[in-house]
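Novice: Below is the structure I would like to discuss, written out as structure tokens.
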Amino acid sequence: MPDTMELKKKIAKLKKQRNAVILAHNYERGDIQDIADFLGDSLELSQKAVDLDVDVIVFCGVHFMAESAAMLSPDKTVLLPELYARCPMADMARVDSLRSLKQEHPDAAVVCYVNTTAEVKAECDICCTSANAIEVVKSLEQTKIIFVPDKNLADYVARNTDKQILPWAGCCPTHNQILPVDVQRAKSLHPMAEVLAHPECRREVLDMSDGIFSTNGMVNYVSTSESDEFIIVTESGLLHRLNKENPYKKFYEVSTYTVCPDMKMIDIKAVADSLENMKYVITVPEDIRIKAKRSLDRMLAIKRKI
Ligand code: 13P
Ligand code: SF4
């Protein structure tokens, strides 16, 4: 079995041969973050997928991210090294139920978090990510908004806009399990630290934080903040990047179990296999791709705030 060094060499060689890049989400394993050409949040990675002039994108993230890249860049081959790396929240929204809800509220606009399947995106008016959800919702002329699938992000948007939000009942299992008691414990251990939370967390947790950001929002905030210590209330993979980019600052996990198992599925061997055997190619049926891409394009047209 080849060792990590050999696998990394193999990846570098195959990347050249295939004219490929590696995109990785901020929650990926540390060694995957280290070999990535670009690291980012959902919004930044979608934009990168469009802008890059390459033949192959190896997407180290979860299925909906690779799917979005494939829909935005149909001329590129998008590979997801581990087919079972999916977002459980994305799988909580079903097209048939969404269609029924739309029929009940024909006057509502439909906003879907990017953490949805292509089929669901095809049923929506516009997508959003955690970095731009408030701006996206504010940009719509309708006052009533069906918001799919994250009830916590929906609540956060409702509190920061004057729209009537009809939330879906989904949530991210990793963020939703973080409780006020976890934040309280971390705060008592690190009383000087600023608390930064992701909007997929419950309202009670967000109310205890000093700032609410997407993962890239946290990366940017930390680099300019005068504070030296931070409690990071999101998936623990982000700490690798924060520690690496800010060697003189201290970062604390809110709890030891804030891990998304799907975001940890891809390892170095899977990336090497993916590039060698061109697997797994992510494609979307053309009729769905065209409709879903419209929702993604509308989102990308709205300038990023953070
Ligand atoms: P962001 O990196 O866009 O904040 O996404 C969070 C997330 O949970 C992605 O699955
Ligand atoms: Fe989905 Fe949550 Fe994992 Fe992100 S952290 S991929 S929202 S389950």
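Residues in the structure tokens are numbered from 1 in each chain, the chains being A, B, ... in the order shown, and ligands are numbered from 1 in the order shown.
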Hey, could you make a per-residue contact list for chain A against ligand 2 with 6 Å as the cut-off, showing the nearest pair of atoms and its distance in Å to one decimal, counting only C-alpha atoms and all ligand atoms, sorted by chain and number, as a tab-separated table?
Specialist:
residue	atom	partner	partner_atom_place_in_ligand_line	distance
A:Cys87	CA	ligand 2	1 (Fe)	3.8
A:Pro88	CA	ligand 2	8 (S)	5.1
A:Met89	CA	ligand 2	1 (Fe)	5.2
A:Cys172	CA	ligand 2	2 (Fe)	4.2
A:Pro173	CA	ligand 2	8 (S)	5.7
A:Thr174	CA	ligand 2	2 (Fe)	5.3
A:Cys260	CA	ligand 2	3 (Fe)	4.6
Novice: Those same residues, written as a tab-separated table (two decimals), in the first residue's frame with C-alpha atoms?
Specialist:
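So part_16.tsv came out as:
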chain	number	residue	atom	x	y	z
A	87	CYS	CA	-25.34	16.21	3.33
A	88	PRO	CA	-28.12	14.70	5.47
A	89	MET	CA	-29.85	18.08	5.61
A	172	CYS	CA	-28.06	20.16	10.00
A	173	PRO	CA	-27.60	17.36	12.55
A	174	THR	CA	-24.06	18.55	13.31
A	260	CYS	CA	-19.89	16.13	10.24
Novice: For the interface of chain A with ligand 1 (cut-off 10 Å, counting only C-alpha atoms and all ligand atoms), please tabulate each contacting residue of chain A alongside its nearest pair of atoms and their separation in Å to one decimal, rows sorted by chain and increasing number, as JSON lines.
Specialist:
{"residue": "A:His25", "atom": "CA", "partner": "ligand 1", "partner_atom_place_in_ligand_line": "2 (O)", "distance": 6.7}
{"residue": "A:Asn26", "atom": "CA", "partner": "ligand 1", "partner_atom_place_in_ligand_line": "2 (O)", "distance": 6.3}
{"residue": "A:Tyr27", "atom": "CA", "partner": "ligand 1", "partner_atom_place_in_ligand_line": "2 (O)", "distance": 7.6}
{"residue": "A:Leu39", "atom": "CA", "partner": "ligand 1", "partner_atom_place_in_ligand_line": "2 (O)", "distance": 9.9}
{"residue": "A:Gly40", "atom": "CA", "partner": "ligand 1", "partner_atom_place_in_ligand_line": "2 (O)", "distance": 6.7}
{"residue": "A:Asp41", "atom": "CA", "partner": "ligand 1", "partner_atom_place_in_ligand_line": "2 (O)", "distance": 3.4}
{"residue": "A:Ser42", "atom": "CA", "partner": "ligand 1", "partner_atom_place_in_ligand_line": "3 (O)", "distance": 3.8}
{"residue": "A:Leu43", "atom": "CA", "partner": "ligand 1", "partner_atom_place_in_ligand_line": "3 (O)", "distance": 5.9}
{"residue": "A:Glu44", "atom": "CA", "partner": "ligand 1", "partner_atom_place_in_ligand_line": "3 (O)", "distance": 8.0}
{"residue": "A:Leu45", "atom": "CA", "partner": "ligand 1", "partner_atom_place_in_ligand_line": "3 (O)", "distance": 8.8}
{"residue": "A:Ser46", "atom": "CA", "partner": "ligand 1", "partner_atom_place_in_ligand_line": "3 (O)", "distance": 9.9}
{"residue": "A:Gly61", "atom": "CA", "partner": "ligand 1", "partner_atom_place_in_ligand_line": "10 (O)", "distance": 7.9}
{"residue": "A:Val62", "atom": "CA", "partner": "ligand 1", "partner_atom_place_in_ligand_line": "10 (O)", "distance": 7.3}
{"residue": "A:His63", "atom": "CA", "partner": "ligand 1", "partner_atom_place_in_ligand_line": "10 (O)", "distance": 9.8}
{"residue": "A:Phe64", "atom": "CA", "partner": "ligand 1", "partner_atom_place_in_ligand_line": "10 (O)", "distance": 8.7}
{"residue": "A:Met65", "atom": "CA", "partner": "ligand 1", "partner_atom_place_in_ligand_line": "10 (O)", "distance": 8.2}
{"residue": "A:Arg86", "atom": "CA", "partner": "ligand 1", "partner_atom_place_in_ligand_line": "10 (O)", "distance": 9.3}
{"residue": "A:Cys87", "atom": "CA", "partner": "ligand 1", "partner_atom_place_in_ligand_line": "10 (O)", "distance": 6.7}
{"residue": "A:Pro88", "atom": "CA", "partner": "ligand 1", "partner_atom_place_in_ligand_line": "10 (O)", "distance": 9.5}
{"residue": "A:Met89", "atom": "CA", "partner": "ligand 1", "partner_atom_place_in_ligand_line": "10 (O)", "distance": 8.7}
{"residue": "A:Ala90", "atom": "CA", "partner": "ligand 1", "partner_atom_place_in_ligand_line": "10 (O)", "distance": 8.9}
{"residue": "A:Tyr113", "atom": "CA", "partner": "ligand 1", "partner_atom_place_in_ligand_line": "3 (O)", "distance": 9.5}
{"residue": "A:Val114", "atom": "CA", "partner": "ligand 1", "partner_atom_place_in_ligand_line": "3 (O)", "distance": 8.3}
{"residue": "A:Asn115", "atom": "CA", "partner": "ligand 1", "partner_atom_place_in_ligand_line": "10 (O)", "distance": 6.4}
{"residue": "A:Thr116", "atom": "CA", "partner": "ligand 1", "partner_atom_place_in_ligand_line": "10 (O)", "distance": 10.0}
{"residue": "A:Cys128", "atom": "CA", "partner": "ligand 1", "partner_atom_place_in_ligand_line": "3 (O)", "distance": 9.3}
{"residue": "A:Thr129", "atom": "CA", "partner": "ligand 1", "partner_atom_place_in_ligand_line": "3 (O)", "distance": 5.6}
{"residue": "A:Ser130", "atom": "CA", "partner": "ligand 1", "partner_atom_place_in_ligand_line": "4 (O)", "distance": 5.1}
{"residue": "A:Ala131", "atom": "CA", "partner": "ligand 1", "partner_atom_place_in_ligand_line": "3 (O)", "distance": 6.3}
{"residue": "A:Asn132", "atom": "CA", "partner": "ligand 1", "partner_atom_place_in_ligand_line": "3 (O)", "distance": 9.2}
{"residue": "A:Cys172", "atom": "CA", "partner": "ligand 1", "partner_atom_place_in_ligand_line": "8 (O)", "distance": 7.3}
{"residue": "A:Pro173", "atom": "CA", "partner": "ligand 1", "partner_atom_place_in_ligand_line": "8 (O)", "distance": 9.9}
{"residue": "A:Thr174", "atom": "CA", "partner": "ligand 1", "partner_atom_place_in_ligand_line": "8 (O)", "distance": 8.5}
{"residue": "A:His175", "atom": "CA", "partner": "ligand 1", "partner_atom_place_in_ligand_line": "8 (O)", "distance": 8.1}
{"residue": "A:His198", "atom": "CA", "partner": "ligand 1", "partner_atom_place_in_ligand_line": "4 (O)", "distance": 6.8}
{"residue": "A:Pro199", "atom": "CA", "partner": "ligand 1", "partner_atom_place_in_ligand_line": "4 (O)", "distance": 8.1}
{"residue": "A:Glu200", "atom": "CA", "partner": "ligand 1", "partner_atom_place_in_ligand_line": "8 (O)", "distance": 7.3}
{"residue": "A:Phe213", "atom": "CA", "partner": "ligand 1", "partner_atom_place_in_ligand_line": "4 (O)", "distance": 7.2}
{"residue": "A:Ser214", "atom": "CA", "partner": "ligand 1", "partner_atom_place_in_ligand_line": "4 (O)", "distance": 3.6}
{"residue": "A:Thr215", "atom": "CA", "partner": "ligand 1", "partner_atom_place_in_ligand_line": "4 (O)", "distance": 4.2}
{"residue": "A:Asn216", "atom": "CA", "partner": "ligand 1", "partner_atom_place_in_ligand_line": "2 (O)", "distance": 6.3}
{"residue": "A:Gly217", "atom": "CA", "partner": "ligand 1", "partner_atom_place_in_ligand_line": "4 (O)", "distance": 7.7}
{"residue": "A:Met218", "atom": "CA", "partner": "ligand 1", "partner_atom_place_in_ligand_line": "4 (O)", "distance": 8.8}
{"residue": "A:Thr234", "atom": "CA", "partner": "ligand 1", "partner_atom_place_in_ligand_line": "8 (O)", "distance": 8.3}
{"residue": "A:Glu235", "atom": "CA", "partner": "ligand 1", "partner_atom_place_in_ligand_line": "8 (O)", "distance": 7.6}
{"residue": "A:Leu238", "atom": "CA", "partner": "ligand 1", "partner_atom_place_in_ligand_line": "2 (O)", "distance": 9.0}
{"residue": "A:Cys260", "atom": "CA", "partner": "ligand 1", "partner_atom_place_in_ligand_line": "8 (O)", "distance": 8.6}
{"residue": "A:Asp262", "atom": "CA", "partner": "ligand 1", "partner_atom_place_in_ligand_line": "10 (O)", "distance": 9.4}
{"residue": "A:Met263", "atom": "CA", "partner": "ligand 1", "partner_atom_place_in_ligand_line": "10 (O)", "distance": 8.0}
Novice: Which of these, A:Met208, A:Ile231, A:Val50, A:Leu14, has the shortest distance to Met71 of chain A once you count only C-alpha atoms?
Specialist: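 Between A:Met208, A:Ile231, A:Val50, A:Leu14, the residue approaching Met71 of chain A most closely is A:Val50.
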Novice: Please list as a count of residues only every residue within 12 Å of segment 184-192 of chain A, counting only C-alpha atoms and excluding residues in the same chain fewer than 6 positions away.
Specialist: 22
Novice: Using only C-alpha atoms, can you tell me which of A:Glu67, A:Glu276, A:Glu119, A:Asp91 comes closest to Lys16 of chain A?
Specialist: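 With only C-alpha atoms as the atom set, the closest residue is A:Glu276.
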Novice: Would you list, as JSON, numbers by chain, the residues of segment 29-109 of chain A that end up in helix (DSSP H, G or I) under DSSP run on this structure's backbone?
Specialist: {"A": [30, 31, 32, 33, 34, 35, 42, 43, 44, 45, 46, 47, 48, 49, 50, 51, 63, 64, 65, 66, 67, 68, 69, 70, 71, 72, 90, 91, 92, 95, 96, 97, 98, 99, 100, 101, 102, 103, 104]}
Novice: Could you list, as a list in words, every residue within 10 Å of Ala108 of chain A, counting only C-alpha atoms and ignoring same-chain residues fewer than 5 positions away?
Specialist: Leu101, Lys102, Gln103, Asp125, Glu141, Gln142, Thr143, Lys144, Ile145, Ile146, Phe147, Gln164, Ile165 and Leu166 of chain A
Novice: Which residues, written as number ranges by chain, have at least one atom at most 10 Å from Asp267 of chain A, with only C-alpha atoms counted and residues fewer than 6 positions away on the same chain left out?
Specialist: A: 28-32, 60, 81-82
Novice: What's the separation between atom CA of Leu300 of chain A and atom CA of Ala122 of chain A, in Å to one decimal place?
Specialist: 15.6 Å
Novice: Compare A:Val136, A:Leu206, A:Ile302, A:Val58 by their minimum atom-to-atom distance to Ile268 of chain A, counting only C-alpha atoms, and give me the closest one.
Specialist: A:Val58
Novice: Go ahead and compute the interatomic distance for atom CA of Ser139 of chain A and atom CA of Met299 of chain A, in Å to one decimal.
Specialist: 10.0 Å
Novice: For the structure I just gave you, how does DSSP split segment 3-164 of chain A - specifically, which residues are strand (DSSP E)? Reply as a PyMOL selection string.
Specialist: chain A and resi 20-25+38-40+56-60+77-79+109-113+126-128+144-148+164
Novice: Restricting the calculation to only C-alpha atoms: of A:Val284, A:Arg298, A:Gly237, A:Lys244, which residue gets closest to Val137 of chain A?
Specialist: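 For Val137 of chain A, the nearest of the candidates is A:Arg298.
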Novice: Measure the distance from atom CA of Val111 of chain A to atom CA of Thr283 of chain A in Å and round it to one decimal.
Specialist: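 The value is 22.9 Å.
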Novice: I want to know what sits within 12 Å of Lys279 of chain A, based on only C-alpha atoms, with residues of the same chain fewer than 3 positions away left out; could you give that as a ChimeraX atom specification?
Specialist: /A:56-59,77-83,270-276,282-283
Novice: Create the file for the chosen residues now, containing C-alpha atoms and written as a PDB file, in the first residue's frame.
Specialist:
ATOM      1  CA  VAL A  56     -11.400  18.468 -14.277  1.00  0.00           C
ATOM      2  CA  ILE A  57     -12.522  19.561 -10.818  1.00  0.00           C
ATOM      3  CA  VAL A  58     -11.984  17.157  -7.929  1.00  0.00           C
ATOM      4  CA  PHE A  59     -14.519  18.339  -5.386  1.00  0.00           C
ATOM      5  CA  THR A  77     -15.742  17.000 -15.505  1.00  0.00           C
ATOM      6  CA  VAL A  78     -16.586  17.191 -11.815  1.00  0.00           C
ATOM      7  CA  LEU A  79     -15.417  14.335  -9.610  1.00  0.00           C
ATOM      8  CA  LEU A  80     -16.555  13.556  -6.072  1.00  0.00           C
ATOM      9  CA  PRO A  81     -13.964  11.118  -4.632  1.00  0.00           C
ATOM     10  CA  GLU A  82     -16.456   9.478  -2.257  1.00  0.00           C
ATOM     11  CA  LEU A  83     -19.970   8.993  -3.610  1.00  0.00           C
ATOM     12  CA  ALA A 270      -9.704   8.521  -2.287  1.00  0.00           C
ATOM     13  CA  VAL A 271      -8.434  11.658  -4.057  1.00  0.00           C
ATOM     14  CA  ALA A 272      -5.647   9.689  -5.773  1.00  0.00           C
ATOM     15  CA  ASP A 273      -8.157   6.985  -6.835  1.00  0.00           C
ATOM     16  CA  SER A 274     -10.549   9.619  -8.044  1.00  0.00           C
ATOM     17  CA  LEU A 275      -7.967  11.242 -10.328  1.00  0.00           C
ATOM     18  CA  GLU A 276      -6.555   7.953 -11.522  1.00  0.00           C
ATOM     19  CA  ILE A 282     -21.187  13.890 -11.064  1.00  0.00           C
ATOM     20  CA  THR A 283     -23.804  14.674 -13.679  1.00  0.00           C
TER      21      THR A 283
END
Novice: Which is closest to Ala118 of chain A among A:Lys15, A:Arg94, A:Arg202, A:His105, if we use only C-alpha atoms?
Specialist: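 When distances to Ala118 of chain A are compared using only C-alpha atoms, the smallest one comes from A:Arg94.
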